[in-house]
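Participant: PDB, C-alpha atoms, pLDDT in the B column, saved as start.pdb, coming up:
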```
MODEL        1
ATOM      1  CA  MET A  10      10.518 -54.124 -35.806  1.00 72.00           C
ATOM      2  CA  LEU A  11       7.563 -56.301 -34.845  1.00 71.00           C
ATOM      3  CA  LEU A  12       5.621 -55.099 -37.905  1.00 76.00           C
ATOM      4  CA  ALA A  13       8.470 -55.348 -40.438  1.00 83.00           C
ATOM      5  CA  ASP A  14       8.353 -57.818 -43.310  1.00 88.00           C
ATOM      6  CA  LEU A  15      10.295 -61.034 -42.902  1.00 93.00           C
ATOM      7  CA  ARG A  16      13.482 -60.957 -44.973  1.00 95.00           C
ATOM      8  CA  HIS A  17      16.283 -63.364 -45.854  1.00 97.00           C
ATOM      9  CA  ASP A  18      19.415 -62.222 -47.699  1.00 97.00           C
ATOM     10  CA  TYR A  19      21.817 -64.511 -49.528  1.00 98.00           C
ATOM     11  CA  VAL A  20      25.091 -63.794 -51.304  1.00 98.00           C
ATOM     12  CA  ARG A  21      27.377 -65.931 -53.463  1.00 97.00           C
ATOM     13  CA  SER A  22      30.792 -65.119 -54.864  1.00 97.00           C
ATOM     14  CA  PHE A  23      30.531 -64.792 -58.653  1.00 96.00           C
ATOM     15  CA  SER A  24      33.618 -62.985 -59.977  1.00 95.00           C
ATOM     16  CA  ARG A  25      33.313 -62.325 -63.711  1.00 94.00           C
ATOM     17  CA  LEU A  26      33.935 -59.658 -66.279  1.00 97.00           C
ATOM     18  CA  TRP A  27      30.526 -58.351 -67.286  1.00 96.00           C
ATOM     19  CA  SER A  28      31.401 -58.984 -70.920  1.00 95.00           C
ATOM     20  CA  GLU A  29      31.983 -62.670 -70.089  1.00 95.00           C
ATOM     21  CA  LEU A  30      28.862 -63.117 -67.953  1.00 95.00           C
ATOM     22  CA  ASP A  31      26.741 -66.167 -68.740  1.00 96.00           C
ATOM     23  CA  PRO A  32      23.203 -64.893 -68.007  1.00 96.00           C
ATOM     24  CA  ALA A  33      21.812 -68.421 -67.631  1.00 96.00           C
ATOM     25  CA  GLU A  34      24.507 -69.331 -65.079  1.00 97.00           C
ATOM     26  CA  ALA A  35      23.868 -66.144 -63.117  1.00 97.00           C
ATOM     27  CA  ARG A  36      20.110 -66.698 -63.187  1.00 97.00           C
ATOM     28  CA  ALA A  37      20.556 -70.283 -61.961  1.00 97.00           C
ATOM     29  CA  ALA A  38      22.676 -69.079 -59.026  1.00 97.00           C
ATOM     30  CA  ILE A  39      20.077 -66.487 -58.014  1.00 97.00           C
ATOM     31  CA  ASP A  40      17.247 -68.984 -58.448  1.00 97.00           C
ATOM     32  CA  GLU A  41      19.015 -71.469 -56.166  1.00 97.00           C
ATOM     33  CA  MET A  42      19.438 -68.861 -53.414  1.00 97.00           C
ATOM     34  CA  THR A  43      15.819 -67.815 -53.903  1.00 97.00           C
ATOM     35  CA  ARG A  44      14.657 -71.405 -53.444  1.00 97.00           C
ATOM     36  CA  VAL A  45      16.523 -71.597 -50.141  1.00 97.00           C
ATOM     37  CA  GLY A  46      14.878 -68.360 -49.004  1.00 97.00           C
ATOM     38  CA  THR A  47      11.446 -69.481 -50.149  1.00 97.00           C
ATOM     39  CA  ALA A  48      11.808 -72.677 -48.132  1.00 97.00           C
ATOM     40  CA  ALA A  49      12.715 -70.598 -45.088  1.00 97.00           C
ATOM     41  CA  LEU A  50       9.588 -68.479 -45.534  1.00 96.00           C
ATOM     42  CA  ALA A  51       7.461 -71.602 -45.904  1.00 96.00           C
ATOM     43  CA  ALA A  52       8.896 -72.923 -42.637  1.00 96.00           C
ATOM     44  CA  GLU A  53       7.976 -69.606 -41.022  1.00 93.00           C
ATOM     45  CA  GLY A  54       4.375 -69.987 -42.160  1.00 92.00           C
ATOM     46  CA  VAL A  55       4.338 -67.341 -44.904  1.00 93.00           C
ATOM     47  CA  PRO A  56       1.842 -68.375 -47.640  1.00 94.00           C
ATOM     48  CA  PRO A  57       2.916 -68.140 -51.318  1.00 94.00           C
ATOM     49  CA  GLU A  58       0.773 -65.099 -52.042  1.00 94.00           C
ATOM     50  CA  ARG A  59       2.724 -63.055 -49.500  1.00 94.00           C
ATOM     51  CA  ARG A  60       6.191 -63.991 -50.748  1.00 95.00           C
ATOM     52  CA  ALA A  61       8.363 -61.867 -53.018  1.00 94.00           C
ATOM     53  CA  SER A  62      11.971 -61.928 -54.166  1.00 95.00           C
ATOM     54  CA  THR A  63      14.545 -59.874 -56.000  1.00 95.00           C
ATOM     55  CA  GLY A  64      18.051 -60.381 -57.322  1.00 96.00           C
ATOM     56  CA  ALA A  65      21.088 -58.127 -57.153  1.00 97.00           C
ATOM     57  CA  ALA A  66      24.716 -57.996 -58.177  1.00 97.00           C
ATOM     58  CA  ASP A  67      27.757 -56.376 -56.585  1.00 98.00           C
ATOM     59  CA  MET A  68      29.260 -54.566 -59.578  1.00 97.00           C
ATOM     60  CA  ARG A  69      32.127 -52.162 -60.180  1.00 97.00           C
ATOM     61  CA  TYR A  70      34.193 -50.665 -62.928  1.00 97.00           C
ATOM     62  CA  LEU A  71      37.182 -52.846 -63.725  1.00 95.00           C
ATOM     63  CA  GLY A  72      40.025 -51.995 -61.354  1.00 90.00           C
ATOM     64  CA  GLN A  73      37.924 -50.263 -58.714  1.00 92.00           C
ATOM     65  CA  HIS A  74      38.173 -51.223 -55.056  1.00 90.00           C
ATOM     66  CA  HIS A  75      34.515 -50.651 -54.117  1.00 92.00           C
ATOM     67  CA  GLU A  76      31.361 -52.301 -55.395  1.00 95.00           C
ATOM     68  CA  VAL A  77      27.854 -51.015 -55.972  1.00 96.00           C
ATOM     69  CA  VAL A  78      24.883 -53.220 -55.090  1.00 97.00           C
ATOM     70  CA  VAL A  79      22.502 -53.168 -58.056  1.00 97.00           C
ATOM     71  CA  PRO A  80      19.052 -54.719 -57.434  1.00 96.00           C
ATOM     72  CA  PHE A  81      17.095 -56.053 -60.407  1.00 95.00           C
ATOM     73  CA  PRO A  82      14.314 -58.523 -61.190  1.00 93.00           C
ATOM     74  CA  SER A  83      16.037 -61.854 -61.750  1.00 91.00           C
ATOM     75  CA  GLU A  84      14.026 -62.172 -64.980  1.00 92.00           C
ATOM     76  CA  ASP A  85      16.130 -59.368 -66.457  1.00 93.00           C
ATOM     77  CA  LEU A  86      19.122 -61.693 -66.762  1.00 92.00           C
ATOM     78  CA  LEU A  87      17.396 -63.580 -69.568  1.00 93.00           C
ATOM     79  CA  ALA A  88      14.902 -60.986 -70.822  1.00 93.00           C
ATOM     80  CA  GLU A  89      15.431 -58.978 -73.976  1.00 94.00           C
ATOM     81  CA  GLY A  90      17.254 -55.772 -73.038  1.00 94.00           C
ATOM     82  CA  GLY A  91      17.555 -56.919 -69.434  1.00 95.00           C
ATOM     83  CA  LEU A  92      21.349 -56.825 -69.231  1.00 96.00           C
ATOM     84  CA  GLU A  93      21.341 -53.287 -70.626  1.00 96.00           C
ATOM     85  CA  ARG A  94      18.842 -52.246 -67.956  1.00 96.00           C
ATOM     86  CA  ILE A  95      21.118 -53.658 -65.253  1.00 97.00           C
ATOM     87  CA  VAL A  96      24.104 -51.724 -66.622  1.00 97.00           C
ATOM     88  CA  THR A  97      22.014 -48.543 -66.760  1.00 96.00           C
ATOM     89  CA  ALA A  98      20.922 -49.090 -63.148  1.00 96.00           C
ATOM     90  CA  PHE A  99      24.558 -49.568 -62.106  1.00 97.00           C
ATOM     91  CA  GLU A 100      25.700 -46.374 -63.803  1.00 96.00           C
ATOM     92  CA  ARG A 101      22.818 -44.391 -62.318  1.00 95.00           C
ATOM     93  CA  ARG A 102      23.551 -45.706 -58.819  1.00 95.00           C
ATOM     94  CA  HIS A 103      27.293 -45.147 -59.222  1.00 96.00           C
ATOM     95  CA  GLU A 104      26.644 -41.527 -60.140  1.00 95.00           C
ATOM     96  CA  GLU A 105      24.317 -41.103 -57.148  1.00 93.00           C
ATOM     97  CA  LEU A 106      26.979 -42.470 -54.787  1.00 93.00           C
ATOM     98  CA  TYR A 107      30.176 -41.060 -56.247  1.00 92.00           C
ATOM     99  CA  GLY A 108      29.134 -38.171 -58.470  1.00 92.00           C
ATOM    100  CA  PHE A 109      30.147 -39.690 -61.797  1.00 94.00           C
ATOM    101  CA  SER A 110      29.693 -42.646 -64.119  1.00 94.00           C
ATOM    102  CA  SER A 111      31.784 -43.869 -67.058  1.00 94.00           C
ATOM    103  CA  PRO A 112      29.505 -45.401 -69.717  1.00 94.00           C
ATOM    104  CA  GLY A 113      31.395 -47.853 -71.890  1.00 94.00           C
ATOM    105  CA  ARG A 114      34.091 -48.578 -69.290  1.00 96.00           C
ATOM    106  CA  PRO A 115      34.536 -52.333 -68.646  1.00 97.00           C
ATOM    107  CA  LEU A 116      32.546 -53.726 -65.726  1.00 97.00           C
ATOM    108  CA  GLU A 117      32.957 -56.710 -63.474  1.00 97.00           C
ATOM    109  CA  VAL A 118      30.662 -58.655 -61.182  1.00 97.00           C
ATOM    110  CA  ILE A 119      31.938 -59.668 -57.740  1.00 97.00           C
ATOM    111  CA  ASN A 120      28.910 -61.267 -56.059  1.00 97.00           C
ATOM    112  CA  LEU A 121      25.346 -62.253 -56.828  1.00 98.00           C
ATOM    113  CA  ARG A 122      22.597 -61.754 -54.276  1.00 97.00           C
ATOM    114  CA  ALA A 123      19.040 -62.879 -53.674  1.00 97.00           C
ATOM    115  CA  THR A 124      16.586 -61.425 -51.186  1.00 97.00           C
ATOM    116  CA  VAL A 125      13.250 -62.999 -50.312  1.00 97.00           C
ATOM    117  CA  TYR A 126      10.499 -61.184 -48.441  1.00 95.00           C
ATOM    118  CA  GLY A 127       7.568 -62.425 -46.435  1.00 94.00           C
ATOM    119  CA  ARG A 128       5.009 -59.649 -46.546  1.00 91.00           C
ATOM    120  CA  ARG A 129       3.180 -59.046 -43.297  1.00 82.00           C
ATOM    121  CA  ARG A 130      -0.576 -58.950 -43.137  1.00 75.00           C
ATOM    122  CA  PRO A 131      -2.154 -55.474 -42.994  1.00 69.00           C
ATOM    123  CA  PRO A 132      -0.541 -53.545 -40.136  1.00 61.00           C
ATOM    124  CA  LEU A 133      -1.967 -53.634 -36.664  1.00 64.00           C
ATOM    125  CA  ASP A 134      -4.234 -50.836 -35.573  1.00 65.00           C
ATOM    126  CA  LEU A 135      -1.981 -48.930 -33.221  1.00 63.00           C
ATOM    127  CA  ALA A 136      -4.634 -46.482 -32.084  1.00 63.00           C
ATOM    128  CA  GLY A 137      -4.762 -46.155 -28.339  1.00 63.00           C
ATOM    129  CA  PRO A 138      -7.821 -45.381 -26.219  1.00 63.00           C
ATOM    130  CA  PRO A 139      -9.554 -42.117 -27.076  1.00 67.00           C
ATOM    131  CA  GLY A 140      -8.519 -39.121 -25.052  1.00 65.00           C
ATOM    132  CA  ARG A 141     -10.840 -37.649 -22.474  1.00 64.00           C
ATOM    133  CA  GLY A 142     -10.076 -34.103 -23.539  1.00 64.00           C
ATOM    134  CA  GLY A 143      -9.127 -31.253 -21.285  1.00 73.00           C
ATOM    135  CA  PRO A 144      -5.879 -29.311 -20.973  1.00 82.00           C
ATOM    136  CA  PRO A 145      -2.525 -31.127 -20.885  1.00 86.00           C
ATOM    137  CA  PRO A 146      -1.347 -31.937 -17.341  1.00 90.00           C
ATOM    138  CA  ARG A 147       1.072 -29.278 -16.041  1.00 91.00           C
ATOM    139  CA  ARG A 148       4.093 -29.837 -13.828  1.00 92.00           C
ATOM    140  CA  GLY A 149       5.166 -26.239 -13.453  1.00 92.00           C
ATOM    141  CA  THR A 150       7.507 -23.931 -15.318  1.00 93.00           C
ATOM    142  CA  ARG A 151      11.159 -23.872 -16.357  1.00 91.00           C
ATOM    143  CA  ARG A 152      13.533 -21.376 -17.914  1.00 93.00           C
ATOM    144  CA  ILE A 153      14.867 -22.509 -21.317  1.00 89.00           C
ATOM    145  CA  TYR A 154      16.955 -20.896 -24.020  1.00 87.00           C
ATOM    146  CA  ALA A 155      15.085 -19.472 -27.026  1.00 83.00           C
ATOM    147  CA  PRO A 156      17.442 -19.575 -30.039  1.00 78.00           C
ATOM    148  CA  THR A 157      15.401 -17.115 -32.121  1.00 76.00           C
ATOM    149  CA  SER A 158      15.681 -14.352 -29.532  1.00 79.00           C
ATOM    150  CA  GLY A 159      18.845 -15.490 -27.775  1.00 83.00           C
ATOM    151  CA  THR A 160      17.168 -15.151 -24.373  1.00 88.00           C
ATOM    152  CA  MET A 161      16.155 -17.379 -21.472  1.00 91.00           C
ATOM    153  CA  ASN A 162      12.367 -17.592 -21.196  1.00 91.00           C
ATOM    154  CA  GLU A 163       9.999 -19.083 -18.617  1.00 93.00           C
ATOM    155  CA  VAL A 164       7.881 -21.819 -20.245  1.00 93.00           C
ATOM    156  CA  GLU A 165       5.305 -24.380 -19.150  1.00 94.00           C
ATOM    157  CA  VAL A 166       6.430 -27.908 -18.273  1.00 95.00           C
ATOM    158  CA  LEU A 167       3.888 -30.655 -19.104  1.00 93.00           C
ATOM    159  CA  ASP A 168       3.653 -34.232 -17.820  1.00 95.00           C
ATOM    160  CA  GLY A 169       4.108 -36.289 -20.989  1.00 92.00           C
ATOM    161  CA  ASP A 170       3.369 -39.588 -19.263  1.00 92.00           C
ATOM    162  CA  ARG A 171      -0.207 -38.437 -18.582  1.00 91.00           C
ATOM    163  CA  MET A 172      -0.934 -36.746 -21.901  1.00 92.00           C
ATOM    164  CA  GLU A 173      -3.651 -38.247 -24.110  1.00 90.00           C
ATOM    165  CA  PRO A 174      -4.565 -38.331 -27.816  1.00 90.00           C
ATOM    166  CA  GLY A 175      -5.978 -35.045 -29.035  1.00 88.00           C
ATOM    167  CA  GLN A 176      -4.167 -32.810 -26.557  1.00 91.00           C
ATOM    168  CA  ARG A 177      -2.097 -29.948 -27.921  1.00 91.00           C
ATOM    169  CA  VAL A 178       0.767 -27.994 -26.387  1.00 91.00           C
ATOM    170  CA  GLU A 179       1.645 -24.577 -27.734  1.00 91.00           C
ATOM    171  CA  GLY A 180       5.337 -23.867 -28.027  1.00 89.00           C
ATOM    172  CA  PRO A 181       7.547 -22.825 -26.429  1.00 93.00           C
ATOM    173  CA  ALA A 182       7.161 -25.555 -23.830  1.00 94.00           C
ATOM    174  CA  VAL A 183       8.815 -28.608 -22.320  1.00 95.00           C
ATOM    175  CA  VAL A 184       7.222 -32.061 -22.147  1.00 95.00           C
ATOM    176  CA  GLU A 185       8.774 -34.351 -19.553  1.00 94.00           C
ATOM    177  CA  GLU A 186       8.505 -38.138 -19.509  1.00 93.00           C
ATOM    178  CA  ALA A 187      10.179 -40.766 -17.355  1.00 92.00           C
ATOM    179  CA  THR A 188      12.669 -41.620 -20.118  1.00 93.00           C
ATOM    180  CA  THR A 189      13.038 -38.404 -22.143  1.00 93.00           C
ATOM    181  CA  THR A 190      12.373 -34.696 -22.385  1.00 94.00           C
ATOM    182  CA  VAL A 191      10.834 -33.055 -25.451  1.00 94.00           C
ATOM    183  CA  VAL A 192      11.513 -29.371 -26.089  1.00 93.00           C
ATOM    184  CA  VAL A 193       8.800 -27.666 -28.153  1.00 93.00           C
ATOM    185  CA  PRO A 194      10.347 -24.650 -29.941  1.00 91.00           C
ATOM    186  CA  GLU A 195       8.521 -21.348 -30.004  1.00 89.00           C
ATOM    187  CA  ASP A 196       7.496 -21.701 -33.656  1.00 89.00           C
ATOM    188  CA  PHE A 197       6.063 -25.225 -33.169  1.00 92.00           C
ATOM    189  CA  ASP A 198       3.180 -26.875 -31.348  1.00 93.00           C
ATOM    190  CA  LEU A 199       3.093 -30.444 -30.075  1.00 93.00           C
ATOM    191  CA  VAL A 200       0.068 -32.669 -30.748  1.00 92.00           C
ATOM    192  CA  VAL A 201      -0.615 -36.122 -29.326  1.00 91.00           C
ATOM    193  CA  ASP A 202      -1.944 -38.148 -32.286  1.00 88.00           C
ATOM    194  CA  ARG A 203      -4.304 -41.146 -32.271  1.00 85.00           C
ATOM    195  CA  THR A 204      -1.438 -43.575 -31.570  1.00 83.00           C
ATOM    196  CA  ALA A 205      -0.346 -41.517 -28.523  1.00 85.00           C
ATOM    197  CA  SER A 206       2.783 -40.357 -30.395  1.00 90.00           C
ATOM    198  CA  PHE A 207       4.087 -36.818 -30.004  1.00 92.00           C
ATOM    199  CA  VAL A 208       4.038 -34.888 -33.298  1.00 94.00           C
ATOM    200  CA  LEU A 209       5.737 -31.510 -33.648  1.00 94.00           C
ATOM    201  CA  LEU A 210       3.955 -29.213 -36.091  1.00 93.00           C
ATOM    202  CA  ARG A 211       4.971 -25.818 -37.290  1.00 90.00           C
ATOM    203  CA  LYS A 212       2.386 -23.342 -36.036  1.00 84.00           C
ATOM    204  CA  GLY A 213      -0.656 -23.103 -38.275  1.00 71.00           C
ATOM    205  CA  LEU A 214      -0.653 -26.781 -39.314  1.00 67.00           C
ATOM    206  CA  SER A 215      -2.942 -29.522 -38.002  1.00 60.00           C
ATOM    207  CA  VAL A 216      -2.821 -33.317 -37.586  1.00 55.00           C
ATOM    208  CA  SER A 217      -5.549 -35.927 -37.258  1.00 52.00           C
ATOM    209  CA  ALA A 218      -5.741 -37.061 -33.638  1.00 46.00           C
TER     210      ALA A 218
ENDMDL
END
```
Is it possible to express this structure as structure tokens?
Facilitator:
Amino acid sequence: MLLADLRHDYVRSFSRLWSELDPAEARAAIDEMTRVGTAALAAEGVPPERRASTGAADMRYLGQHHEVVVPFPSEDLLAEGGLERIVTAFERRHEELYGFSSPGRPLEVINLRATVYGRRRPPLDLAGPPGRGGPPPRRGTRRIYAPTSGTMNEVEVLDGDRMEPGQRVEGPAVVEEATTTVVVPEDFDLVVDRTASFVLLRKGLSVSA
């Protein structure tokens, strides 16, 4: 969350038949919302070169009770072939969501939307301190259920709070931390990567630590 782009979303009611849409009016509405969002980004200290925006419309076939959000570059409202591209995007998305589309069926617009983004600088380096090597710290053993064999097996229990980047645990095993327990299945290994995250890998694969 701390590394996510800044984002402001705006929506305005704009109920029209698609066949009666005034592209210039729609573009003006999106541009006005975009200006509001751009001002918000400026107040948050985002320089112009790291700002971006996109438009969208809530669209549906005439008579439907649910809408489909269709993103598009706001320039498409006035560009040659732009309205056709928006309709094509709606029909493609409608088919993805509901399994069908009905080309040629009348459409209507319910809302217009604008989203502005403030792109973050290159992400922080999350790498933790390098590991000192050595075997993972053991806590003992525990019996766990092995689904592939349907039996209860004795496995190693490791102390996840003291594991370091580069250490590897061969499954089956259990890794215990203060807030969670990670079960490593018999056909997986667990590797602590360079950010101190636990990564489960099917046996035979590797990850950069």
Participant: Run through the PyMOL selection byres ((chain A and resi 61) around 8) on the given coordinates and return the selected residues as a ChimeraX atom specification.
Facilitator: /A:59-60,62-63,125-128
Participant: Using Å and a single decimal, report how far atom CA of Ile119 of chain A sits from atom CA of Ser22 of chain A.
Facilitator: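 Separating atom CA of Ser22 of chain A from atom CA of Ile119 of chain A is a distance of 6.3 Å.
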Participant: Once the PyMOL selection byres ((chain A and resi 206) around 10) has been evaluated on this model, what residues remain selected, and can you format them as a count of residues only?
Facilitator: 16
Participant: Find, counting all atoms listed in the file, the residue in A:Val184, A:Leu106, A:Ala38, A:Ala123 that gets nearest to Gly169 of chain A.
Facilitator: A:Val184
Participant: So which residues get picked by the PyMOL selection byres ((chain A and resi 77) around 9) here, written as a list in words?
Facilitator: Ala66, Asp67, Met68, Arg69, His75, Glu76, Val78, Val79, Phe99, Arg102, His103 and Leu106 of chain A
Participant: In Å, rounded to a single decimal, give me how far atom CA of Glu29 of chain A is from atom CA of Tyr107 of chain A.
Facilitator: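 Interatomic distance, atom CA of Tyr107 of chain A to atom CA of Glu29 of chain A: 25.7 Å.
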